[in-house]
Every structure is written in C-alpha cells, then in structure tokens.
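What's in structure31.json: JSON, C-alpha atoms and all ligand atoms
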```json
[["chain", "number", "residue", "atom", "x", "y", "z"],
["A", 1, "VAL", "CA", -9.84, -15.24, 12.17],
["A", 2, "SER", "CA", -10.29, -13.13, 9.04],
["A", 3, "LEU", "CA", -8.63, -9.78, 8.25],
["A", 4, "ALA", "CA", -10.71, -9.39, 5.10],
["A", 5, "THR", "CA", -12.69, -6.19, 4.67],
["A", 6, "SER", "CA", -14.40, -4.29, 1.87],
["A", 7, "ILE", "CA", -14.41, -0.54, 1.18],
["A", 8, "ALA", "CA", -17.11, 0.76, -1.16],
["A", 9, "GLY", "CA", -17.46, -2.70, -2.65],
["A", 10, "VAL", "CA", -13.69, -3.00, -3.11],
["A", 11, "SER", "CA", -12.75, -6.21, -1.33],
["A", 12, "LEU", "CA", -9.38, -6.33, 0.43],
["A", 13, "SER", "CA", -7.97, -9.76, 1.28],
["A", 14, "SER", "CA", -6.27, -8.08, 4.22],
["A", 15, "CYS", "CA", -7.26, -4.84, 5.93],
["A", 16, "LEU", "CA", -3.54, -3.89, 5.94],
["A", 17, "TYR", "CA", -1.85, -2.19, 3.03],
["A", 18, "ASN", "CA", 0.74, 0.48, 2.22],
["A", 19, "ALA", "CA", 0.32, 4.20, 2.82],
["A", 20, "SER", "CA", 0.88, 6.34, -0.27],
["A", 21, "GLY", "CA", 4.42, 7.73, -0.25],
["A", 22, "PRO", "CA", 7.08, 5.26, 0.88],
["A", 23, "LEU", "CA", 8.29, 2.60, -1.57],
["A", 24, "CYS", "CA", 5.41, 2.91, -4.06],
["A", 25, "THR", "CA", 6.81, 5.24, -6.74],
["A", 26, "THR", "CA", 8.20, 2.78, -9.34],
["A", 27, "ALA", "CA", 6.63, -0.27, -11.01],
["A", 28, "GLU", "CA", 9.18, -2.48, -9.24],
["A", 29, "GLU", "CA", 8.20, -1.07, -5.85],
["A", 30, "LEU", "CA", 4.50, -1.50, -6.68],
["A", 31, "ASP", "CA", 5.15, -5.10, -7.80],
["A", 32, "ALA", "CA", 6.84, -5.82, -4.46],
["A", 33, "ILE", "CA", 3.67, -4.66, -2.69],
["A", 34, "GLY", "CA", 1.65, -6.84, -5.08],
["A", 35, "ASN", "CA", 3.82, -9.83, -4.18],
["A", 36, "SER", "CA", 3.48, -9.18, -0.44],
["A", 37, "GLU", "CA", 0.63, -9.87, 1.99],
["A", 38, "ALA", "CA", -0.59, -6.26, 1.65],
["A", 39, "GLY", "CA", -4.35, -6.28, 0.99],
["A", 40, "ALA", "CA", -4.07, -3.65, -1.76],
["A", 41, "ILE", "CA", -1.52, -1.70, -3.81],
["A", 42, "LEU", "CA", -1.62, 2.10, -3.35],
["A", 43, "SER", "CA", 0.55, 4.27, -5.60],
["A", 44, "LYS", "CA", 2.62, 7.34, -4.77],
["A", 45, "SER", "CA", 0.55, 10.53, -5.20],
["A", 46, "ALA", "CA", 0.66, 11.46, -8.86],
["A", 47, "THR", "CA", 0.79, 14.86, -10.52],
["A", 48, "LEU", "CA", -0.07, 15.33, -14.20],
["A", 49, "GLU", "CA", 3.61, 15.55, -15.15],
["A", 50, "LYS", "CA", 6.61, 13.64, -13.77],
["A", 51, "ARG", "CA", 8.35, 15.47, -10.89],
["A", 52, "ALA", "CA", 11.86, 15.18, -9.45],
["A", 53, "GLY", "CA", 10.72, 16.53, -6.08],
["A", 54, "ASN", "CA", 12.78, 18.44, -3.54],
["A", 55, "PRO", "CA", 16.60, 18.30, -3.20],
["A", 56, "GLU", "CA", 18.07, 15.53, -1.05],
["A", 57, "PRO", "CA", 18.47, 14.67, 1.79],
["A", 58, "ARG", "CA", 14.71, 14.85, 2.08],
["A", 59, "TYR", "CA", 13.89, 11.84, 4.33],
["A", 60, "PHE", "CA", 15.26, 10.98, 7.77],
["A", 61, "GLU", "CA", 14.41, 8.36, 10.38],
["A", 62, "THR", "CA", 14.66, 8.55, 14.17],
["A", 63, "PRO", "CA", 13.84, 5.73, 16.63],
["A", 64, "TRP", "CA", 10.41, 7.33, 17.12],
["A", 65, "GLY", "CA", 9.44, 8.04, 13.52],
["A", 66, "SER", "CA", 10.27, 9.87, 10.31],
["A", 67, "ILE", "CA", 10.52, 13.33, 8.82],
["A", 68, "ASN", "CA", 10.14, 13.94, 5.08],
["A", 69, "SER", "CA", 10.00, 16.78, 2.64],
["A", 70, "MET", "CA", 9.97, 14.74, -0.57],
["A", 71, "GLY", "CA", 8.17, 17.41, -2.58],
["A", 72, "LEU", "CA", 5.85, 15.09, -4.49],
["A", 73, "PRO", "CA", 8.42, 13.22, -6.58],
["A", 74, "ASN", "CA", 6.57, 10.86, -8.90],
["A", 75, "GLU", "CA", 6.65, 9.36, -12.40],
["A", 76, "GLY", "CA", 3.61, 11.31, -13.56],
["A", 77, "PHE", "CA", -0.04, 10.37, -13.85],
["A", 78, "GLN", "CA", 0.17, 8.33, -17.07],
["A", 79, "TYR", "CA", 2.81, 6.02, -15.55],
["A", 80, "TYR", "CA", 0.50, 5.02, -12.71],
["A", 81, "LEU", "CA", -2.44, 4.68, -15.07],
["A", 82, "ASP", "CA", -0.35, 2.40, -17.33],
["A", 83, "TYR", "CA", 0.67, 0.35, -14.28],
["A", 84, "ALA", "CA", -2.98, -0.57, -13.67],
["A", 85, "SER", "CA", -2.94, -3.36, -16.28],
["A", 86, "ARG", "CA", 0.26, -4.75, -14.70],
["A", 87, "ALA", "CA", -1.42, -4.70, -11.28],
["A", 88, "GLU", "CA", -3.97, -7.16, -12.63],
["A", 89, "ALA", "CA", -1.35, -9.90, -12.08],
["A", 90, "PHE", "CA", -1.87, -9.54, -8.32],
["A", 91, "ALA", "CA", -5.18, -10.68, -6.82],
["A", 92, "LYS", "CA", -5.65, -7.43, -4.95],
["A", 93, "PRO", "CA", -7.10, -3.97, -5.66],
["A", 94, "TYR", "CA", -4.90, -1.27, -7.21],
["A", 95, "ILE", "CA", -5.71, 2.17, -5.79],
["A", 96, "MET", "CA", -4.29, 5.33, -7.38],
["A", 97, "SER", "CA", -3.34, 8.35, -5.27],
["A", 98, "ILE", "CA", -3.53, 11.71, -7.03],
["A", 99, "SER", "CA", -2.31, 15.08, -5.78],
["A", 100, "GLY", "CA", -2.75, 17.63, -8.53],
["A", 101, "LEU", "CA", -1.00, 21.00, -8.25],
["A", 102, "SER", "CA", -4.33, 22.70, -9.03],
["A", 103, "HIS", "CA", -8.03, 21.88, -8.91],
["A", 104, "GLN", "CA", -7.96, 21.66, -12.70],
["A", 105, "ASP", "CA", -5.12, 19.13, -12.65],
["A", 106, "ASN", "CA", -7.07, 16.99, -10.20],
["A", 107, "VAL", "CA", -10.19, 17.19, -12.40],
["A", 108, "ASP", "CA", -8.17, 16.39, -15.53],
["A", 109, "MET", "CA", -6.68, 13.29, -13.87],
["A", 110, "ILE", "CA", -10.06, 12.17, -12.57],
["A", 111, "LYS", "CA", -11.62, 12.59, -16.03],
["A", 112, "ALA", "CA", -8.82, 10.46, -17.51],
["A", 113, "LEU", "CA", -9.56, 7.73, -14.94],
["A", 114, "ALA", "CA", -13.21, 7.43, -15.96],
["A", 115, "GLY", "CA", -14.11, 3.84, -16.74],
["A", 116, "GLN", "CA", -10.61, 2.48, -16.05],
["A", 117, "LYS", "CA", -11.55, -1.06, -15.07],
["A", 118, "HIS", "CA", -8.18, -2.02, -13.53],
["A", 119, "ILE", "CA", -8.30, 0.77, -10.97],
["A", 120, "ALA", "CA", -10.29, -0.12, -7.86],
["A", 121, "ALA", "CA", -10.44, 3.36, -6.28],
["A", 122, "ILE", "CA", -8.88, 6.82, -6.18],
["A", 123, "GLU", "CA", -7.29, 8.37, -3.08],
["A", 124, "LEU", "CA", -7.40, 12.15, -3.62],
["A", 125, "ASN", "CA", -4.62, 13.69, -1.55],
["A", 126, "LEU", "CA", -5.76, 16.91, 0.15],
["A", 127, "SER", "CA", -2.78, 17.05, 2.48],
["A", 128, "CYS", "CA", 0.64, 17.19, 0.87],
["A", 129, "PRO", "CA", 2.60, 19.46, 3.24],
["A", 130, "ASN", "CA", 5.76, 19.77, 1.16],
["A", 131, "VAL", "CA", 5.07, 21.64, -2.08],
["A", 132, "PRO", "CA", 6.62, 25.06, -1.33],
["A", 133, "GLY", "CA", 4.12, 27.86, -1.71],
["A", 134, "LYS", "CA", 1.10, 25.57, -1.81],
["A", 135, "PRO", "CA", -1.07, 25.60, 1.32],
["A", 136, "GLN", "CA", -2.70, 22.27, 2.12],
["A", 137, "THR", "CA", -6.20, 22.07, 0.63],
["A", 138, "GLY", "CA", -7.32, 20.00, 3.63],
["A", 139, "TYR", "CA", -6.81, 22.98, 5.97],
["A", 140, "ASP", "CA", -8.98, 25.25, 3.81],
["A", 141, "PHE", "CA", -12.59, 24.12, 4.18],
["A", 142, "GLU", "CA", -13.94, 26.29, 1.36],
["A", 143, "GLN", "CA", -11.24, 25.08, -1.05],
["A", 144, "SER", "CA", -11.95, 21.49, -0.01],
["A", 145, "ARG", "CA", -15.64, 21.95, -0.77],
["A", 146, "ALA", "CA", -14.92, 23.68, -4.10],
["A", 147, "LEU", "CA", -12.60, 20.87, -5.17],
["A", 148, "LEU", "CA", -14.96, 18.07, -4.09],
["A", 149, "GLN", "CA", -17.82, 19.79, -5.89],
["A", 150, "ARG", "CA", -15.88, 19.69, -9.16],
["A", 151, "VAL", "CA", -14.48, 16.21, -8.55],
["A", 152, "PHE", "CA", -17.91, 14.69, -8.04],
["A", 153, "GLU", "CA", -19.14, 16.15, -11.31],
["A", 154, "HIS", "CA", -16.69, 13.85, -13.14],
["A", 155, "VAL", "CA", -15.70, 10.88, -10.99],
["A", 156, "SER", "CA", -17.04, 7.41, -11.78],
["A", 157, "LEU", "CA", -14.69, 5.22, -9.68],
["A", 158, "PRO", "CA", -14.94, 4.91, -5.87],
["A", 159, "LEU", "CA", -13.11, 7.96, -4.46],
["A", 160, "GLY", "CA", -11.76, 8.79, -1.03],
["A", 161, "VAL", "CA", -9.67, 11.64, 0.32],
["A", 162, "LYS", "CA", -6.36, 11.63, 2.25],
["A", 163, "LEU", "CA", -6.78, 14.09, 5.10],
["A", 164, "PRO", "CA", -4.22, 16.00, 7.13],
["A", 165, "PRO", "CA", -4.41, 15.64, 10.90],
["A", 166, "TYR", "CA", -6.71, 18.13, 12.63],
["A", 167, "PHE", "CA", -6.14, 19.31, 16.20],
["A", 168, "ASP", "CA", -8.90, 21.82, 17.06],
["A", 169, "LEU", "CA", -12.30, 20.18, 17.64],
["A", 170, "PRO", "CA", -14.32, 22.77, 15.68],
["A", 171, "HIS", "CA", -12.13, 21.96, 12.66],
["A", 172, "PHE", "CA", -13.34, 18.33, 12.75],
["A", 173, "ASP", "CA", -16.95, 19.57, 12.65],
["A", 174, "MET", "CA", -16.22, 22.00, 9.82],
["A", 175, "MET", "CA", -14.46, 19.40, 7.67],
["A", 176, "ALA", "CA", -17.05, 16.71, 8.44],
["A", 177, "ALA", "CA", -19.76, 19.13, 7.27],
["A", 178, "VAL", "CA", -17.98, 19.33, 3.92],
["A", 179, "LEU", "CA", -17.25, 15.61, 3.59],
["A", 180, "ASN", "CA", -20.78, 14.53, 4.50],
["A", 181, "ASP", "CA", -22.11, 16.44, 1.49],
["A", 182, "TYR", "CA", -20.36, 14.11, -0.98],
["A", 183, "PRO", "CA", -20.66, 10.38, -1.79],
["A", 184, "LEU", "CA", -17.12, 9.56, -0.69],
["A", 185, "ALA", "CA", -16.11, 5.92, -0.45],
["A", 186, "PHE", "CA", -13.62, 6.59, 2.35],
["A", 187, "VAL", "CA", -11.43, 9.10, 4.13],
["A", 188, "THR", "CA", -7.87, 8.22, 5.09],
["A", 189, "CYS", "CA", -6.82, 9.69, 8.43],
["A", 190, "VAL", "CA", -4.01, 10.88, 8.65],
["A", 191, "ASN", "CA", -1.24, 12.23, 6.49],
["A", 192, "SER", "CA", 2.01, 13.28, 8.18],
["A", 193, "ILE", "CA", 1.91, 16.06, 10.79],
["A", 194, "GLY", "CA", 3.16, 18.90, 8.63],
["A", 195, "ASN", "CA", 6.25, 20.99, 9.19],
["A", 196, "GLY", "CA", 7.93, 19.37, 12.14],
["A", 197, "LEU", "CA", 11.64, 19.91, 12.73],
["A", 198, "VAL", "CA", 14.21, 17.23, 13.57],
["A", 199, "ILE", "CA", 17.73, 18.39, 14.40],
["A", 200, "ASP", "CA", 21.08, 16.74, 15.03],
["A", 201, "PRO", "CA", 22.58, 18.24, 18.22],
["A", 202, "GLU", "CA", 26.00, 16.78, 17.44],
["A", 203, "SER", "CA", 26.37, 18.60, 14.13],
["A", 204, "GLU", "CA", 24.02, 21.32, 15.35],
["A", 205, "SER", "CA", 22.12, 21.18, 12.07],
["A", 206, "VAL", "CA", 18.79, 20.15, 10.59],
["A", 207, "VAL", "CA", 18.65, 16.65, 9.05],
["A", 208, "ILE", "CA", 16.84, 17.30, 5.75],
["A", 209, "LYS", "CA", 17.70, 19.90, 3.12],
["A", 210, "PRO", "CA", 14.37, 21.31, 1.83],
["A", 211, "LYS", "CA", 12.39, 24.00, 3.64],
["A", 212, "SER", "CA", 15.16, 24.77, 6.19],
["A", 213, "GLY", "CA", 14.73, 21.27, 7.60],
["A", 214, "PHE", "CA", 10.97, 21.40, 8.09],
["A", 215, "GLY", "CA", 9.01, 18.30, 7.04],
["A", 216, "GLY", "CA", 6.05, 15.97, 7.58],
["A", 217, "ILE", "CA", 6.31, 13.80, 10.71],
["A", 218, "GLY", "CA", 5.29, 10.14, 10.71],
["A", 219, "GLY", "CA", 5.71, 7.05, 12.89],
["A", 220, "ASP", "CA", 5.37, 6.62, 16.66],
["A", 221, "PHE", "CA", 5.38, 10.40, 17.08],
["A", 222, "ILE", "CA", 1.93, 10.70, 15.51],
["A", 223, "LYS", "CA", -0.10, 7.67, 16.67],
["A", 224, "PRO", "CA", -2.20, 9.53, 19.30],
["A", 225, "THR", "CA", -3.07, 12.20, 16.73],
["A", 226, "ALA", "CA", -3.88, 9.56, 14.10],
["A", 227, "LEU", "CA", -6.13, 7.62, 16.51],
["A", 228, "ALA", "CA", -7.97, 10.82, 17.51],
["A", 229, "ASN", "CA", -8.62, 11.70, 13.87],
["A", 230, "VAL", "CA", -9.84, 8.17, 13.03],
["A", 231, "ARG", "CA", -12.12, 8.19, 16.10],
["A", 232, "LYS", "CA", -13.51, 11.70, 15.54],
["A", 233, "PHE", "CA", -14.34, 11.23, 11.87],
["A", 234, "TYR", "CA", -15.77, 7.78, 12.63],
["A", 235, "THR", "CA", -18.27, 9.48, 14.95],
["A", 236, "LEU", "CA", -18.95, 12.47, 12.65],
["A", 237, "LEU", "CA", -19.19, 11.05, 9.11],
["A", 238, "ASN", "CA", -22.05, 9.27, 7.37],
["A", 239, "LYS", "CA", -21.77, 5.57, 8.08],
["A", 240, "ASP", "CA", -21.26, 4.77, 4.38],
["A", 241, "ILE", "CA", -17.96, 6.69, 4.39],
["A", 242, "ALA", "CA", -15.31, 4.22, 5.59],
["A", 243, "ILE", "CA", -12.39, 5.44, 7.68],
["A", 244, "ILE", "CA", -8.92, 4.19, 6.71],
["A", 245, "GLY", "CA", -6.43, 4.50, 9.57],
["A", 246, "CYS", "CA", -2.87, 5.66, 8.95],
["A", 247, "GLY", "CA", -0.23, 6.86, 11.39],
["A", 248, "GLY", "CA", 2.08, 5.12, 13.85],
["A", 249, "VAL", "CA", 1.24, 1.53, 12.84],
["A", 250, "LYS", "CA", 4.24, -0.74, 13.35],
["A", 251, "SER", "CA", 2.62, -3.71, 15.11],
["A", 252, "GLY", "CA", -0.56, -5.75, 15.20],
["A", 253, "LEU", "CA", -1.48, -3.92, 18.41],
["A", 254, "ASP", "CA", -1.24, -0.52, 16.67],
["A", 255, "ALA", "CA", -3.47, -1.81, 13.86],
["A", 256, "PHE", "CA", -5.90, -3.20, 16.47],
["A", 257, "GLU", "CA", -6.10, 0.25, 18.12],
["A", 258, "HIS", "CA", -6.90, 1.96, 14.80],
["A", 259, "ILE", "CA", -9.71, -0.53, 14.09],
["A", 260, "LEU", "CA", -11.05, -0.19, 17.65],
["A", 261, "CYS", "CA", -11.28, 3.58, 16.97],
["A", 262, "GLY", "CA", -13.35, 2.88, 13.85],
["A", 263, "ALA", "CA", -10.96, 2.14, 10.98],
["A", 264, "SER", "CA", -12.15, -0.38, 8.37],
["A", 265, "ALA", "CA", -8.60, -0.78, 7.06],
["A", 266, "VAL", "CA", -5.13, 0.38, 8.07],
["A", 267, "GLN", "CA", -2.22, 1.81, 6.05],
["A", 268, "ILE", "CA", 1.45, 1.44, 6.95],
["A", 269, "GLY", "CA", 3.97, 4.12, 5.95],
["A", 270, "THR", "CA", 7.06, 4.78, 8.08],
["A", 271, "GLN", "CA", 7.30, 1.16, 9.25],
["A", 272, "PHE", "CA", 7.00, -0.07, 5.66],
["A", 273, "MET", "CA", 9.84, 2.32, 4.70],
["A", 274, "ARG", "CA", 11.90, 0.93, 7.58],
["A", 275, "GLU", "CA", 11.14, -2.81, 7.33],
["A", 276, "GLY", "CA", 10.04, -3.44, 3.74],
["A", 277, "THR", "CA", 7.20, -5.70, 2.65],
["A", 278, "THR", "CA", 7.64, -8.21, 5.52],
["A", 279, "CYS", "CA", 5.80, -5.64, 7.68],
["A", 280, "PHE", "CA", 2.49, -6.61, 6.05],
["A", 281, "SER", "CA", 2.73, -10.34, 6.88],
["A", 282, "ARG", "CA", 4.20, -9.68, 10.33],
["A", 283, "ILE", "CA", 1.58, -7.11, 11.35],
["A", 284, "ALA", "CA", -1.23, -9.27, 9.89],
["A", 285, "ARG", "CA", 0.01, -12.25, 11.93],
["A", 286, "GLU", "CA", 0.25, -10.15, 15.10],
["A", 287, "LEU", "CA", -3.23, -8.69, 14.55],
["A", 288, "GLY", "CA", -4.62, -12.18, 13.95],
["A", 289, "GLU", "CA", -3.08, -13.43, 17.20],
["A", 290, "ILE", "CA", -4.60, -10.53, 19.15],
["A", 291, "MET", "CA", -8.02, -11.19, 17.61],
["A", 292, "GLN", "CA", -7.67, -14.89, 18.42],
["A", 293, "GLN", "CA", -6.80, -14.18, 22.06],
["A", 294, "LYS", "CA", -9.74, -11.80, 22.40],
["A", 295, "GLY", "CA", -12.17, -14.12, 20.61],
["A", 296, "TYR", "CA", -12.86, -11.83, 17.63],
["A", 297, "ALA", "CA", -13.56, -13.76, 14.40],
["A", 298, "ASP", "CA", -13.28, -10.77, 12.08],
["A", 299, "ILE", "CA", -12.67, -7.01, 11.90],
["A", 300, "THR", "CA", -16.32, -6.05, 12.37],
["A", 301, "SER", "CA", -16.45, -7.88, 15.72],
["A", 302, "PHE", "CA", -14.54, -5.00, 17.37],
["A", 303, "GLN", "CA", -14.41, -2.21, 14.78],
["A", 304, "GLY", "CA", -15.33, 1.14, 16.33],
["A", 305, "LYS", "CA", -16.15, -0.44, 19.70],
["A", 306, "LEU", "CA", -13.75, 1.74, 21.72],
["A", 307, "ARG", "CA", -15.14, 2.17, 25.22],
["A", 308, "SER", "CA", -15.37, 5.53, 26.98],
["A", 309, "LEU", "CA", -15.00, 5.74, 30.73],
["A", 310, "ASP", "CA", -18.30, 7.44, 31.51],
["A", 401, "LIG", "O1", 6.53, 15.37, 0.18],
["A", 401, "LIG", "C1", 5.73, 14.51, -0.28],
["A", 401, "LIG", "O2", 5.80, 14.01, -1.43],
["A", 401, "LIG", "C2", 4.62, 14.14, 0.64],
["A", 401, "LIG", "N1", 4.99, 13.94, 1.94],
["A", 401, "LIG", "C3", 4.04, 13.66, 2.91],
["A", 401, "LIG", "O3", 4.39, 13.45, 4.09],
["A", 401, "LIG", "N2", 2.75, 13.57, 2.57],
["A", 401, "LIG", "C4", 2.33, 13.77, 1.30],
["A", 401, "LIG", "O4", 1.10, 13.68, 1.02],
["A", 401, "LIG", "C5", 3.31, 14.05, 0.30],
["A", 401, "LIG", "I1", 2.68, 14.29, -1.67]]
```
Here is a file; write its structure as structure tokens.
Ligand SMILES: O=C(O)c1[nH]c(=O)[nH]c(=O)c1I
Amino acid sequence: VSLATSIAGVSLSSCLYNASGPLCTTAEELDAIGNSEAGAILSKSATLEKRAGNPEPRYFETPWGSINSMGLPNEGFQYYLDYASRAEAFAKPYIMSISGLSHQDNVDMIKALAGQKHIAAIELNLSCPNVPGKPQTGYDFEQSRALLQRVFEHVSLPLGVKLPPYFDLPHFDMMAAVLNDYPLAFVTCVNSIGNGLVIDPESESVVIKPKSGFGGIGGDFIKPTALANVRKFYTLLNKDIAIIGCGGVKSGLDAFEHILCGASAVQIGTQFMREGTTCFSRIARELGEIMQQKGYADITSFQGKLRSLD
C-alpha cells in the first residue's frame, strides 16, 4: 500500500506529518522531523520578529489531550526562511507556517517568500487563540477575506490556511464562501479549540499560567470536532482545495478516519509532543495495516468516501 499523496503539486512521501506548534521551533527540532518518517517538515508559526511567548507553565497534558497558551513563541521569520536551505538535506517538502501580528506583517512575510525555491508551501495561520488582545482572524469572515485579498496579490508559492474549528453550520457556509474565492492550495482543519480550561482539583488551581489558565485544547478531546470540520469543508470547498486533517490523531485508525472524511493528508500535534518522532513511523505502519486489511492500495481508494446512513 502507498501513503504517498500530493498537495498542489507538492508531493509528500507520506500523508502524515507534524502539525505546526509542537517540537518544530528550533533547527534541531526541525531536523528531527526531517530525519523521521514524517512526509513533510512544517515549522512553528513565525512572526516577523522573534518572540519569547507567554510566561510558563504554558503547556499541560492530560490523558485525553493537551492545553496550551504558548503565545506564539518563535525564532522569527528570517530564522525559518534561513532553515529552508538546511531542509534541502531531507527528501521531503519544507512548509513554512506564518502568523503575523497584523495583515501587513503577513503580507511582508509573504513578499519575502516570493521565489524561495526551497520552500514547498506556506501555511497561513488564521487561528492562533493565544495572543492576548488579538481576536482570531478565522472567526471574522470579513477580516479573513480582506487578508486573503491582500495575500493573493503577492503570493507566488502554494498557500493554504490553518483554520480554527467552527461549530455553527452557517459559519461553515460563510467561511467556505470566502475561501472558494481564492486559489488556495489547501486548508488545514483544525487548530486547537480555543480557550478551554483544565484545572487540578487537588491543588484547586488552573494548570497553565497565561490567561487565567485558559488555552487551546488538542488531542482526543477534539477529534469529533476536527472530523466534522474536515468533512464539512471537504463537501463545501472547490475540489482543487485540498483538506489537511489535524486534531486527535494518535493512531493509524484516527488518521484513517480523517482521510475517510476527505483529508488528503493528516497532521499530528499533541501525540507528536507526547511521543516524539516515532509517532510518524508508528501511525504510518498502523494506517498501512488498516489499508491492507480493507484492500485499499492507496489514499485515494477511500479518501472522502464516508458513508451516510440515509
Ligand atoms: O499559543 C500558540 O503559539 C498557539 N497555540 C495554538 O494552539 N495554536 C496556534 O496557532 C498557536 I500560534
């Protein structure tokens, strides 16, 4: 069986790779992804300037998933642009995530990426839930349109967007109406579920310091929401916009479910943070075994073929 897939002409040796965020902030962490069975290397969302992020503790794990309020800590845009030539050593695409603090910052970063031949694609983050005082662009449909309008005046590389999870069906229609107006390579569904709260009943306190303990939720907690978002956008978006699944993937079966809902590729975040790079080879092996048992030779044999009950 083959897990290979291609997104906007970018060929991935495996449809599994890392979600932006966990363990992809430094060159060493990015190298480890390059040396793993991940099908691509995706960097931590970059801002124009280096950021320390929010005060610690800012990440916490429970048996059912994670909570984080990192606050966009990253080495700054130039660092991840410089890394691109180093990524060439690995026979896999290097994708840069950007999350500018303003529309202008996003445009400036995208202009600087023009013609960069070692960067396979850009993942524009519309859904960081943890920059105090900054509402998520992805929940403001007019702002999303305004930003995409400006982005597509300058972008030359394949570009996709990282979306927050939506919950109200009309919101899917409203965001799809925006996305379908632009030649996006992909959308990644979903980012963490923003502003959850995990508490420790023993100490009777929150478990992370920033934002009174509020943070983005990932892991098992969010798989049903992630699958719904993958499925909904798969049915609503132009067929040349690929859906990348993200949320609650810790096994081959979880990856299989995302692809059945319509994902062309699958990102792993919380489980990667928990397990390290072995998660990519393990989940790929498990997915391959499931495909073998079901008689599917490749991803397209079952992609999007979720059955309804009517
Ligand atoms: O707090 C973060 O750095 C962060 N945390 C998330 O859960 N999603 C994001 O897109 C980001 I940029």
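Considering the residues A:Ala8, A:Ile67, A:Val1, A:Leu236 and counting all atoms listed in the file, Leu197 in chain A has its shortest atom-to-atom contact with A:Ile67.
Here CA of Arg282 in chain A is placed at a distance of 12.2 Å from CA of Ser14 in chain A.
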Could you list, as a PyMOL selection string, all residues that come within 7 Å of ligand LIG 401 (chain A)? Count all atoms listed in the file.
chain A and resi 21+45+68-73+99+125+127-131+191-192+216-217
Go through A:Cys279, A:Leu260, A:Leu169, A:Leu30 one by one, measure the shortest atom-to-atom distance of each to Met291 in chain A using all atoms listed in the file, and give the residue with the smallest value.
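With all atoms listed in the file as the atom set, the closest residue is A:Leu260.
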For range 148-157 of chain A, find every residue with an atom within 7 Å (counting all atoms listed in the file), except residues of its own chain fewer than 5 positions away, and show them as a ChimeraX atom specification.
/A:107,110-111,114-115,121-122
Neighbouring residues of Pro224 in chain A were defined as those with any atom within 9 Å, considering all atoms listed in the file; residues of the same chain fewer than 5 positions away were excluded. Please report them as number ranges by chain.
A: 229, 247-248
Find the residue from A:Arg58, A:Ile199, A:Leu179, A:Arg285 that sits nearest to Ile241 in chain A; use all atoms listed in the file when measuring.
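Smallest separation from Ile241 in chain A among the options: A:Leu179.
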Go through range 133-213 of chain A and flag each residue having an atom no more than 10 Å from range 263-275 of chain A; for those, report the closest pair of atoms plus their distance in Å to one decimal, using all atoms listed in the file, ordered by chain and rising number, as a Markdown table.
```
| residue | atom | partner | partner_atom | distance |
| --- | --- | --- | --- | --- |
| A:Phe186 | CA | A:Ser264 | CA | 9.3 |
| A:Val187 | CA | A:Ala263 | CA | 9.8 |
| A:Thr188 | CA | A:Gln267 | CA | 8.6 |
| A:Cys189 | CA | A:Ala263 | CA | 9.0 |
| A:Val190 | CA | A:Gln267 | CA | 9.6 |
| A:Asn191 | CA | A:Gly269 | CA | 9.7 |
| A:Ser192 | CA | A:Gly269 | CA | 9.6 |
```
